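Colleague: Sharing structure-v8.txt, compact mmCIF, C-alpha atoms:
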```txt
# COMPACT_ATOMS: atom_id res chain seq x y z
CA MET A 1 57.68 -4.14 72.32
CA ALA A 2 58.49 -1.75 75.15
CA SER A 3 60.93 -4.26 76.60
CA LEU A 4 63.01 -4.00 73.44
CA MET A 5 63.49 -0.23 73.76
CA PRO A 6 66.38 -0.23 76.26
CA ASP A 7 68.40 -2.57 74.02
CA ALA A 8 67.53 -0.49 70.94
CA LEU A 9 68.55 2.75 72.66
CA ARG A 10 71.76 1.13 73.92
CA ARG A 11 72.75 0.01 70.43
CA THR A 12 71.93 3.44 68.99
CA ALA A 13 74.23 5.02 71.57
CA LEU A 14 76.95 2.51 70.71
CA PHE A 15 76.80 3.33 66.99
CA GLN A 16 77.03 7.07 67.80
CA ASP A 17 80.17 6.58 69.88
CA ARG A 18 82.98 8.52 68.16
CA ARG A 19 85.48 5.96 69.38
CA LEU A 20 84.13 3.59 66.72
CA LEU A 21 85.34 5.97 63.99
CA LEU A 22 88.76 6.00 65.60
CA MET A 23 88.72 2.18 65.70
CA LEU A 24 87.86 2.17 61.99
CA ALA A 25 90.92 4.30 61.13
CA LEU A 26 93.25 2.41 63.48
CA GLY A 27 92.03 -0.89 62.03
CA PHE A 28 92.92 0.48 58.59
CA SER A 29 96.42 1.32 59.81
CA ALA A 30 96.83 -2.15 61.36
CA GLY A 31 95.69 -4.05 58.27
CA LEU A 32 97.59 -2.05 55.71
CA PRO A 33 101.08 -3.63 56.01
CA LEU A 34 99.97 -7.28 56.06
CA PRO A 35 99.44 -7.97 52.31
CA LEU A 36 102.58 -6.01 51.48
CA ALA A 37 104.98 -7.89 53.74
CA ALA A 38 103.45 -11.24 54.69
CA GLY A 39 100.40 -11.69 52.50
CA GLN A 40 98.83 -11.75 49.07
CA VAL A 41 100.67 -8.86 47.38
CA LEU A 42 104.20 -10.00 48.25
CA ARG A 43 103.35 -13.61 47.37
CA GLN A 44 101.93 -12.50 44.02
CA TRP A 45 105.15 -10.59 43.31
CA PHE A 46 107.25 -13.62 44.28
CA THR A 47 105.02 -15.96 42.23
CA GLU A 48 105.43 -13.79 39.13
CA SER A 49 109.17 -13.69 39.83
CA GLY A 50 109.34 -17.48 39.45
CA MET A 51 109.51 -18.58 43.10
CA SER A 52 108.70 -22.29 43.65
CA LEU A 53 105.65 -23.50 45.60
CA GLY A 54 107.80 -24.81 48.44
CA ALA A 55 109.74 -21.56 48.74
CA LEU A 56 106.48 -19.62 48.57
CA GLY A 57 105.22 -21.53 51.61
CA LEU A 58 108.35 -20.54 53.53
CA THR A 59 107.42 -16.87 53.09
CA ALA A 60 105.04 -17.44 56.01
CA LEU A 61 108.17 -17.14 58.18
CA ILE A 62 108.44 -13.48 57.18
CA GLY A 63 105.57 -12.80 59.54
CA LEU A 64 107.03 -14.56 62.59
CA ALA A 65 106.96 -11.22 64.39
CA TYR A 66 103.17 -11.47 64.58
CA ALA A 67 103.49 -14.76 66.48
CA ASN A 68 106.22 -13.53 68.84
CA LYS A 69 105.22 -9.94 69.57
CA PHE A 70 104.56 -10.74 73.22
CA LEU A 71 108.36 -10.93 73.67
CA TRP A 72 108.79 -7.16 73.34
CA SER A 73 105.25 -6.05 74.22
CA PRO A 74 106.21 -5.10 77.84
CA VAL A 75 108.26 -2.24 76.38
CA PHE A 76 105.06 -0.52 75.30
CA ASP A 77 103.59 -0.78 78.80
CA ALA A 78 106.80 0.23 80.56
CA VAL A 79 108.27 3.02 78.40
CA ARG A 80 106.37 6.25 77.82
CA PRO A 81 107.54 8.41 74.88
CA PRO A 82 108.18 12.08 75.79
CA PHE A 83 105.29 13.25 73.57
CA LEU A 84 101.58 12.48 73.01
CA GLY A 85 101.29 9.86 75.76
CA ARG A 86 102.08 6.18 76.15
CA ARG A 87 99.92 4.85 73.29
CA ARG A 88 99.80 7.76 70.83
CA GLY A 89 103.49 8.56 71.16
CA TRP A 90 104.52 5.02 70.24
CA LEU A 91 102.05 4.88 67.38
CA VAL A 92 103.42 8.00 65.72
CA VAL A 93 106.96 6.56 65.81
CA LEU A 94 105.86 3.17 64.45
CA GLN A 95 103.62 4.57 61.72
CA LEU A 96 106.33 6.87 60.36
CA ALA A 97 108.80 3.96 60.36
CA LEU A 98 106.26 1.76 58.55
CA MET A 99 105.84 4.34 55.80
CA ALA A 100 109.58 4.38 55.19
CA ALA A 101 109.99 0.58 55.29
CA ILE A 102 107.04 -0.12 52.94
CA ALA A 103 108.44 2.38 50.44
CA GLY A 104 111.80 0.64 50.83
CA ILE A 105 110.33 -2.69 49.66
CA GLY A 106 109.24 -0.92 46.48
CA LEU A 107 112.85 -0.06 45.75
CA THR A 108 113.90 -3.74 45.62
CA ASP A 109 113.59 -6.25 42.75
CA PRO A 110 113.01 -9.91 43.68
CA THR A 111 113.70 -11.05 40.11
CA GLN A 112 117.34 -10.08 40.71
CA GLY A 113 117.41 -11.79 44.12
CA ALA A 114 114.82 -11.78 46.87
CA GLN A 115 117.12 -11.22 49.85
CA ALA A 116 116.67 -7.45 50.13
CA THR A 117 112.93 -7.74 49.58
CA VAL A 118 112.62 -10.39 52.29
CA LEU A 119 114.72 -8.44 54.79
CA LEU A 120 112.63 -5.30 54.37
CA ALA A 121 109.45 -7.38 54.53
CA VAL A 122 110.65 -8.82 57.86
CA LEU A 123 111.22 -5.26 59.11
CA VAL A 124 107.73 -4.21 58.02
CA ALA A 125 106.26 -7.25 59.78
CA PHE A 126 108.12 -6.36 62.99
CA LEU A 127 106.95 -2.75 62.90
CA SER A 128 103.43 -3.84 61.99
CA ALA A 129 103.29 -6.35 64.87
CA SER A 130 104.53 -3.61 67.21
CA GLN A 131 101.83 -1.27 65.94
CA ASP A 132 99.26 -4.01 66.61
CA ILE A 133 100.43 -4.26 70.23
CA VAL A 134 99.89 -0.57 70.86
CA ILE A 135 96.59 -0.32 68.95
CA ASP A 136 95.15 -3.34 70.76
CA ALA A 137 96.15 -1.96 74.16
CA TRP A 138 94.68 1.46 73.32
CA ARG A 139 91.46 -0.16 72.04
CA ILE A 140 90.97 -2.27 75.16
CA GLU A 141 91.64 0.69 77.46
CA MET A 142 89.47 3.03 75.40
CA LEU A 143 86.41 0.77 75.14
CA GLY A 144 86.42 -0.52 78.73
CA GLU A 145 84.96 -3.78 80.05
CA ASP A 146 81.55 -3.71 78.38
CA ALA A 147 81.49 -6.85 76.18
CA GLU A 148 78.99 -5.37 73.73
CA ARG A 149 80.97 -2.14 73.31
CA GLN A 150 84.11 -4.20 72.80
CA ALA A 151 82.27 -6.28 70.17
CA TYR A 152 81.10 -3.23 68.22
CA GLY A 153 84.49 -1.58 68.60
CA LEU A 154 86.05 -4.72 67.19
CA ALA A 155 83.54 -4.68 64.32
CA ALA A 156 84.66 -1.13 63.46
CA TYR A 157 88.29 -2.23 63.79
CA VAL A 158 87.67 -5.23 61.49
CA TRP A 159 85.93 -2.98 58.96
CA GLY A 160 88.97 -0.71 58.93
CA TYR A 161 91.33 -3.68 58.79
CA ARG A 162 89.52 -5.22 55.83
CA LEU A 163 89.25 -1.89 54.01
CA ALA A 164 93.02 -1.68 54.35
CA LEU A 165 93.36 -5.16 52.85
CA LEU A 166 91.29 -3.89 49.93
CA ALA A 167 93.35 -0.72 49.53
CA SER A 168 96.78 -2.32 49.95
CA GLY A 169 95.81 -5.72 48.53
CA ALA A 170 93.52 -5.29 45.53
CA GLY A 171 94.49 -1.64 45.12
CA THR A 172 98.18 -2.41 44.92
CA LEU A 173 97.70 -5.37 42.56
CA LEU A 174 95.50 -3.35 40.21
CA LEU A 175 98.04 -0.51 40.11
CA VAL A 176 101.00 -2.74 39.24
CA ALA A 177 100.04 -2.87 35.55
CA HIS A 178 100.05 0.94 35.39
CA ILE A 179 102.84 2.14 37.68
CA GLY A 180 104.87 -1.02 38.35
CA TRP A 181 105.63 -2.74 41.63
CA SER A 182 107.72 0.16 42.95
CA GLY A 183 105.00 2.74 42.32
CA ALA A 184 102.36 0.45 43.83
CA TYR A 185 104.39 0.08 47.04
CA PHE A 186 104.92 3.86 47.23
CA TYR A 187 101.15 4.28 46.96
CA ALA A 188 100.65 1.80 49.80
CA ALA A 189 103.20 3.60 51.98
CA ALA A 190 101.26 6.86 51.56
CA LEU A 191 98.10 5.14 52.86
CA MET A 192 99.71 4.96 56.31
CA LEU A 193 98.79 8.65 56.63
CA VAL A 194 95.25 7.51 57.53
CA GLY A 195 96.48 5.84 60.71
CA LEU A 196 98.83 8.71 61.51
CA ALA A 197 95.96 11.22 61.26
CA ALA A 198 93.79 9.05 63.54
CA THR A 199 96.55 8.78 66.12
CA LEU A 200 97.04 12.54 66.20
CA ALA A 201 93.27 13.14 66.41
CA GLY A 202 92.61 10.60 69.18
CA LYS A 203 92.78 11.00 72.93
CA GLU A 204 94.94 8.99 75.28
CA ALA A 205 92.89 6.54 77.35
CA VAL A 206 92.98 6.75 81.13
CA ALA A 207 95.48 4.13 82.27
CA PRO A 208 95.39 2.42 85.68
CA PRO A 209 97.33 4.50 88.25
CA THR A 210 100.90 3.46 88.91
CA MET A 211 103.30 4.27 91.71
CA PRO A 212 106.78 5.72 91.05
CA MET A 213 109.29 2.85 90.96
CA GLY A 214 112.81 1.95 90.01
CA TRP A 215 113.81 -0.14 86.98
CA ALA A 216 113.84 -3.44 88.90
CA ALA A 217 110.33 -2.88 90.21
CA ARG A 218 109.19 -1.66 86.81
CA LEU A 219 110.60 -4.81 85.19
CA GLN A 220 108.69 -6.89 87.72
CA MET A 221 105.46 -4.99 87.05
CA THR A 222 105.62 -4.91 83.25
CA VAL A 223 107.27 -8.25 82.41
CA VAL A 224 106.76 -10.72 85.25
CA ALA A 225 103.42 -9.60 86.67
CA PRO A 226 101.36 -9.88 83.44
CA PHE A 227 102.44 -13.48 82.89
CA ARG A 228 102.11 -14.41 86.55
CA ASP A 229 98.61 -12.93 86.55
CA PHE A 230 97.60 -15.00 83.53
CA ILE A 231 99.04 -18.35 84.62
CA GLY A 232 97.32 -17.92 87.98
CA ARG A 233 93.96 -18.49 86.28
CA ARG A 234 92.11 -21.79 86.11
CA TYR A 235 92.69 -23.82 82.94
CA TRP A 236 95.18 -21.29 81.61
CA LEU A 237 96.98 -23.92 79.53
CA ALA A 238 93.70 -24.95 77.89
CA ILE A 239 92.94 -21.29 77.14
CA LEU A 240 96.32 -20.85 75.45
CA ALA A 241 95.90 -24.09 73.48
CA PHE A 242 92.47 -23.03 72.23
CA ILE A 243 93.75 -19.63 71.13
CA ALA A 244 96.75 -21.16 69.34
CA LEU A 245 94.63 -23.71 67.46
CA PHE A 246 91.48 -21.71 66.64
CA LYS A 247 92.84 -20.41 63.31
CA LEU A 248 94.91 -23.47 62.38
CA GLY A 249 92.72 -24.58 59.48
CA GLU A 250 92.47 -21.06 58.07
CA ALA A 251 96.22 -20.57 58.41
CA LEU A 252 97.09 -23.73 56.50
CA ALA A 253 94.66 -22.91 53.69
CA SER A 254 95.76 -19.31 53.23
CA ILE A 255 99.49 -19.76 52.57
CA PRO A 256 99.45 -21.54 49.15
CA LEU A 257 96.15 -19.97 48.11
CA THR A 258 97.66 -17.63 45.51
CA ALA A 259 99.41 -20.57 43.84
CA PHE A 260 96.18 -22.63 43.97
CA TYR A 261 94.11 -19.91 42.30
CA ARG A 262 96.80 -19.46 39.67
CA SER A 263 96.86 -23.22 38.98
CA GLU A 264 93.11 -23.10 38.31
CA GLY A 265 93.57 -20.30 35.79
CA PHE A 266 92.39 -17.31 37.81
CA THR A 267 94.15 -14.06 36.92
CA ARG A 268 95.61 -11.29 39.06
CA GLU A 269 92.55 -9.18 38.21
CA ASP A 270 90.21 -12.01 39.30
CA LEU A 271 91.91 -12.16 42.67
CA ALA A 272 91.84 -8.37 43.05
CA THR A 273 88.14 -8.00 42.22
CA VAL A 274 86.54 -11.22 43.46
CA GLY A 275 89.06 -12.43 45.99
CA THR A 276 89.65 -9.04 47.59
CA VAL A 277 86.84 -6.58 46.76
CA PHE A 278 83.92 -9.01 46.99
CA GLY A 279 85.69 -10.88 49.78
CA LEU A 280 85.99 -7.63 51.71
CA ALA A 281 82.24 -6.97 51.49
CA ALA A 282 81.51 -10.50 52.73
CA THR A 283 83.94 -10.14 55.64
CA LEU A 284 82.50 -6.78 56.70
CA LEU A 285 78.99 -8.21 56.70
CA GLY A 286 80.26 -11.17 58.69
CA ALA A 287 81.95 -8.90 61.25
CA VAL A 288 78.76 -6.92 61.83
CA ALA A 289 76.66 -10.09 62.00
CA GLY A 290 79.17 -11.61 64.43
CA SER A 291 79.10 -8.53 66.68
CA TRP A 292 75.29 -8.60 66.66
CA LEU A 293 75.40 -12.31 67.51
CA VAL A 294 77.73 -11.68 70.46
CA GLY A 295 75.35 -9.02 71.82
CA ARG A 296 72.35 -11.26 71.21
CA ILE A 297 73.43 -14.68 72.52
CA GLY A 298 76.69 -13.98 74.36
CA VAL A 299 80.34 -14.66 73.60
CA GLY A 300 80.27 -18.36 74.47
CA ARG A 301 77.44 -19.44 72.21
CA ALA A 302 78.67 -17.14 69.45
CA LEU A 303 82.09 -18.83 69.59
CA VAL A 304 80.52 -22.26 69.09
CA LEU A 305 78.35 -21.24 66.14
CA THR A 306 80.93 -19.10 64.37
CA GLY A 307 83.77 -21.57 64.98
CA LEU A 308 81.72 -24.35 63.38
CA ALA A 309 80.86 -22.15 60.40
CA GLN A 310 84.51 -21.17 59.96
CA MET A 311 85.60 -24.81 59.97
CA LEU A 312 83.01 -26.02 57.45
CA SER A 313 83.65 -23.10 55.07
CA ASN A 314 87.03 -24.61 54.13
CA LEU A 315 85.14 -27.33 52.28
CA MET A 316 84.25 -24.71 49.66
CA TYR A 317 87.81 -24.92 48.34
CA LEU A 318 87.08 -28.48 47.23
CA ALA A 319 84.38 -27.16 44.91
CA LEU A 320 87.05 -25.17 43.03
CA VAL A 321 89.57 -27.98 42.62
CA GLY A 322 89.85 -29.04 38.98
CA GLY A 323 87.09 -26.70 37.83
CA GLY A 324 89.32 -24.25 35.99
CA ARG A 325 88.51 -20.54 35.89
CA ASP A 326 84.95 -20.87 37.23
CA ILE A 327 84.11 -17.29 38.25
CA PRO A 328 80.63 -18.01 39.76
CA MET A 329 82.13 -20.74 41.96
CA LEU A 330 84.94 -18.37 42.95
CA PHE A 331 82.32 -15.86 44.07
CA ALA A 332 80.59 -18.57 46.13
CA GLN A 333 83.80 -19.82 47.73
CA VAL A 334 85.12 -16.35 48.53
CA GLY A 335 81.75 -15.14 49.82
CA ILE A 336 81.19 -18.03 52.21
CA GLU A 337 84.82 -18.18 53.36
CA ASN A 338 85.08 -14.47 54.10
CA PHE A 339 81.64 -14.13 55.68
CA THR A 340 82.35 -16.94 58.14
CA ASP A 341 85.80 -15.50 58.85
CA GLY A 342 84.18 -12.18 59.77
CA LEU A 343 81.66 -13.96 61.99
CA ALA A 344 84.36 -15.94 63.80
CA ASP A 345 86.71 -12.97 64.19
CA ALA A 346 84.04 -10.89 65.94
CA ALA A 347 83.37 -13.57 68.57
CA PHE A 348 87.00 -14.69 68.94
CA LEU A 349 88.52 -11.21 69.35
CA THR A 350 85.81 -10.20 71.82
CA TYR A 351 86.66 -13.33 73.82
CA LEU A 352 90.36 -12.40 73.81
CA SER A 353 89.60 -8.84 74.92
CA LEU A 354 87.57 -10.09 77.88
CA LEU A 355 90.49 -12.27 79.02
CA VAL A 356 92.82 -9.28 79.41
CA ASN A 357 93.62 -7.67 82.75
CA ARG A 358 93.40 -3.91 82.06
CA SER A 359 96.52 -3.31 84.19
CA PHE A 360 98.60 -5.23 81.62
CA SER A 361 96.57 -4.67 78.46
CA ALA A 362 99.47 -4.37 75.98
CA THR A 363 101.43 -7.36 77.26
CA GLN A 364 98.56 -9.79 77.84
CA TYR A 365 96.70 -9.05 74.61
CA ALA A 366 99.97 -9.30 72.69
CA LEU A 367 100.53 -12.73 74.25
CA LEU A 368 97.06 -13.94 73.31
CA SER A 369 97.01 -12.51 69.80
CA SER A 370 100.56 -13.79 69.21
CA LEU A 371 99.36 -17.29 70.00
CA ALA A 372 96.53 -16.85 67.52
CA ALA A 373 99.16 -16.09 64.85
CA VAL A 374 101.39 -19.08 65.68
CA PRO A 375 99.79 -21.53 63.20
CA LEU A 376 100.03 -19.07 60.31
CA ARG A 377 103.63 -18.07 61.02
CA SER A 378 105.04 -21.50 61.97
CA ILE A 379 103.00 -24.55 60.90
CA GLY A 380 101.77 -22.53 57.93
CA ALA A 381 105.30 -22.54 56.55
CA SER A 382 104.85 -26.24 55.70
CA ALA A 383 101.56 -25.62 53.86
CA GLY A 384 103.26 -25.36 50.46
CA GLN A 385 105.03 -28.71 50.89
CA LEU A 386 101.82 -30.32 52.20
CA ALA A 387 99.83 -29.08 49.19
CA ALA A 388 102.50 -30.34 46.80
CA ALA A 389 102.63 -33.75 48.50
CA LEU A 390 98.90 -34.35 49.06
CA GLY A 391 97.34 -32.60 46.10
CA TRP A 392 94.82 -29.80 46.44
CA SER A 393 91.76 -31.92 47.33
CA TRP A 394 93.37 -33.80 50.23
CA PHE A 395 95.14 -30.66 51.36
CA PHE A 396 91.92 -28.64 51.72
CA ALA A 397 90.21 -31.61 53.42
CA LEU A 398 93.09 -31.59 55.92
CA THR A 399 92.62 -27.87 56.61
CA THR A 400 89.00 -28.59 57.58
CA VAL A 401 89.87 -31.43 59.95
CA ALA A 402 92.63 -29.28 61.49
CA ALA A 403 89.96 -27.13 63.19
CA LEU A 404 88.56 -30.00 65.29
CA PRO A 405 91.06 -29.86 68.21
CA ALA A 406 90.25 -26.19 68.85
CA MET A 407 86.53 -26.92 68.76
CA ALA A 408 86.94 -29.67 71.38
CA ILE A 409 89.01 -27.45 73.71
CA MET A 410 86.52 -24.59 73.24
CA LEU A 411 83.59 -26.75 74.38
CA PHE A 412 85.63 -27.88 77.41
CA LEU A 413 86.40 -24.26 78.38
CA LEU A 414 82.91 -22.92 77.83
CA ARG A 415 81.48 -25.53 80.17
CA ARG A 416 83.92 -24.72 82.96
CA LEU A 417 84.70 -21.03 82.39
CA PRO A 418 81.71 -19.48 80.63
CA PRO A 419 82.50 -15.88 79.57
CA PRO A 420 80.15 -13.20 80.93
CA ALA A 421 77.23 -12.10 78.80
CA ALA A 422 77.17 -8.49 77.62
CA LYS A 423 74.25 -7.65 79.90
CA ASP A 424 76.18 -8.88 82.96
CA ILE A 425 79.08 -6.45 82.48
CA PRO A 426 78.63 -2.81 83.54
CA ALA A 427 79.14 -0.13 80.90
```
How would this structure read if it were set down as structure tokens?
Modeller:
Amino acid sequence: MASLMPDALRRTALFQDRRLLLMLALGFSAGLPLPLAAGQVLRQWFTESGMSLGALGLTALIGLAYANKFLWSPVFDAVRPPFLGRRRGWLVVLQLALMAAIAGIGLTDPTQGAQATVLLAVLVAFLSASQDIVIDAWRIEMLGEDAERQAYGLAAYVWGYRLALLASGAGTLLLVAHIGWSGAYFYAAALMLVGLAATLAGKEAVAPPTMPMGWAARLQMTVVAPFRDFIGRRYWLAILAFIALFKLGEALASIPLTAFYRSEGFTREDLATVGTVFGLAATLLGAVAGSWLVGRIGVGRALVLTGLAQMLSNLMYLALVGGGRDIPMLFAQVGIENFTDGLADAAFLTYLSLLVNRSFSATQYALLSSLAAVPLRSIGASAGQLAAALGWSWFFALTTVAALPAMAIMLFLLRRLPPPAAKDIPA
């Protein structure tokens, strides 16, 4: 019993760390724009506006910024705003711009032509991806190299992220009937004040010391060096392939999901309450359980268990096919799917954070997280056509099988490059 006390005291100290509250608020700010520009809310608006299933699948391309954010991420390492520091200064600029752009979407009307709506959604996605770059860099620098602290910090971040999906996803959809799409988007824009307040209240992390240098040397340090550092590692191509493929099955399944639910007879209110509210609770429980699992058995073993659970959870979609508006089965599918997603995210994002060289935190994490978004923002664009061609049953079976390549690469990497356990990394 006495041997358990150090671990218990350590976890108590972790939960009392005020940085977790900051991660909660920053996670909220990061998750807020996604449903509005490249997710459920915008797709629901387009679906109700009469957009075809094939065209709906192509809306995945709106979020291409999430998959390519590494291209401009060096800017956030190299350029320091004249106020509030390198991370906080950029965040204030991006969060104010996001508020304006989200409100701008609310001023458009896709029933009269979706071009303006799409263009503003692309802008929101770009600003949101940029915000992600800065938040991730700040988080990694703030929480240090302790794997367990990173895991719990990520759990707080995921809680905030998912709460934002509830507020801007279900909240926006439920408000549409009362204040219209424009009013609902204005409400969502105002929610960005949570992230802005957190940014102003936070403290700039201590960055690695740098020497004064000219623009050529700075370009070398912020653009070339981060990539050279990464490709100098063993099995770097396998690492990148694993990261790019880990969420492939989830990405394929998520794009036509609104159309699938609608075809089974589920209403907007069903999706807001069961799909989002109950789904949020399941994801938050999964994130906490995943963080506990990382601290208990290490990142490597947690990746194997949670990756397998994430893959098999896609089979739950098959239980809904052809069943009509079966609310109990919807609860079961959403609960299992979201819980396993939370589990897998905790282990996967901790793994990504441990791969990052703290000297290039913004650029390298942006590269890795961009790769994780590639399936959703590229291959995912064909999900609508695949669903239409294969039918829902074969389509969801395909999304399950699509996870197998990542599982194989993961086992290869964990045998040759096992990540350090939490207890082996100094606090």
Colleague: From the set A:Val334, A:Ala344, A:Val79, A:Ala388, which residue has the shortest atom-to-atom contact distance to A:Ala309, counting only C-alpha atoms?
Modeller: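 So, comparing all the options, the nearest one is A:Ala344.
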Colleague: Could you jot down the atom CA of A:Leu315 to atom CA of A:Tyr161 separation for me, Å, one decimal place?
Modeller: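 Atom-to-atom, atom CA of A:Leu315 to atom CA of A:Tyr161, that is 25.3 Å.
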Colleague: Counting only C-alpha atoms, which of A:Leu349, A:Met410, A:Leu21, A:Val194 gets nearest to A:Ile239?
Modeller: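 Closest residue, counting only C-alpha atoms: A:Met410.
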Colleague: Go through A:Met23, A:Leu371, A:Ile327, A:Ala272 and flag the residue nearest A:Arg149, using all atoms listed in the file for the distances.
Modeller: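 With all atoms listed in the file as the atom set, the closest residue is A:Met23.
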Colleague: Under the rule that only C-alpha atoms are counted, which of A:Gly342, A:Gly335, A:Pro33, A:Gly300 is the nearest residue to A:Leu417?
Modeller: A:Gly300
Colleague: Mind dumping a table of every stretch 304-377 of chain A residue within 10 Å of stretch 389-393 of chain A, with the nearest atom pair and its distance in Å to one decimal, using all atoms listed in the file, sorted by chain and rising number, as JSON lines?
Modeller:
```
{"residue": "A:Leu315", "atom": "CA", "partner": "A:Ser393", "partner_atom": "CA", "distance": 9.5}
{"residue": "A:Tyr317", "atom": "CA", "partner": "A:Ser393", "partner_atom": "CA", "distance": 8.1}
{"residue": "A:Leu318", "atom": "CA", "partner": "A:Ser393", "partner_atom": "CA", "distance": 5.8}
{"residue": "A:Ala319", "atom": "CA", "partner": "A:Ser393", "partner_atom": "CA", "distance": 9.1}
{"residue": "A:Leu320", "atom": "CA", "partner": "A:Ser393", "partner_atom": "CA", "distance": 9.3}
{"residue": "A:Val321", "atom": "CA", "partner": "A:Ser393", "partner_atom": "CA", "distance": 6.5}
{"residue": "A:Gly322", "atom": "CA", "partner": "A:Trp392", "partner_atom": "CA", "distance": 9.0}
```
Colleague: Between atom CA of A:Ala25 and atom CA of A:Tyr152, what distance in Å does the model show, to one decimal?
Modeller: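 Atom CA of A:Tyr152 lies 14.3 Å from atom CA of A:Ala25.
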Colleague: Residues near A:Ala402, anyone? I mean within 12 Å using all atoms listed in the file, not counting same-chain ones fewer than 6 positions away, as a list in words.
Modeller: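 These residues fall inside the cut-off: Leu245, Phe246, Lys247, Leu248, Gly249, Glu250, Ala251, Leu252, Ala253, Gln310, Met311, Leu312, Asn314, Pro375, Ile379, Gly380, Phe395, Phe396 and Ala408 of chain A.
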Colleague: What's the 9 Å shell around A:Asn68, counting only C-alpha atoms, without same-chain residues fewer than 4 positions away, as an NGL selection string?
Modeller: :A and (64 or 72 or 129 or 366-367 or 370-371 or 373-374)
Colleague: Could you tell me which of A:Leu165, A:Leu107, A:Val124, A:Ala151 comes closest to A:Gln40 if we count all atoms listed in the file?
Modeller: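 That would be A:Leu165, the residue with the smallest distance to A:Gln40.
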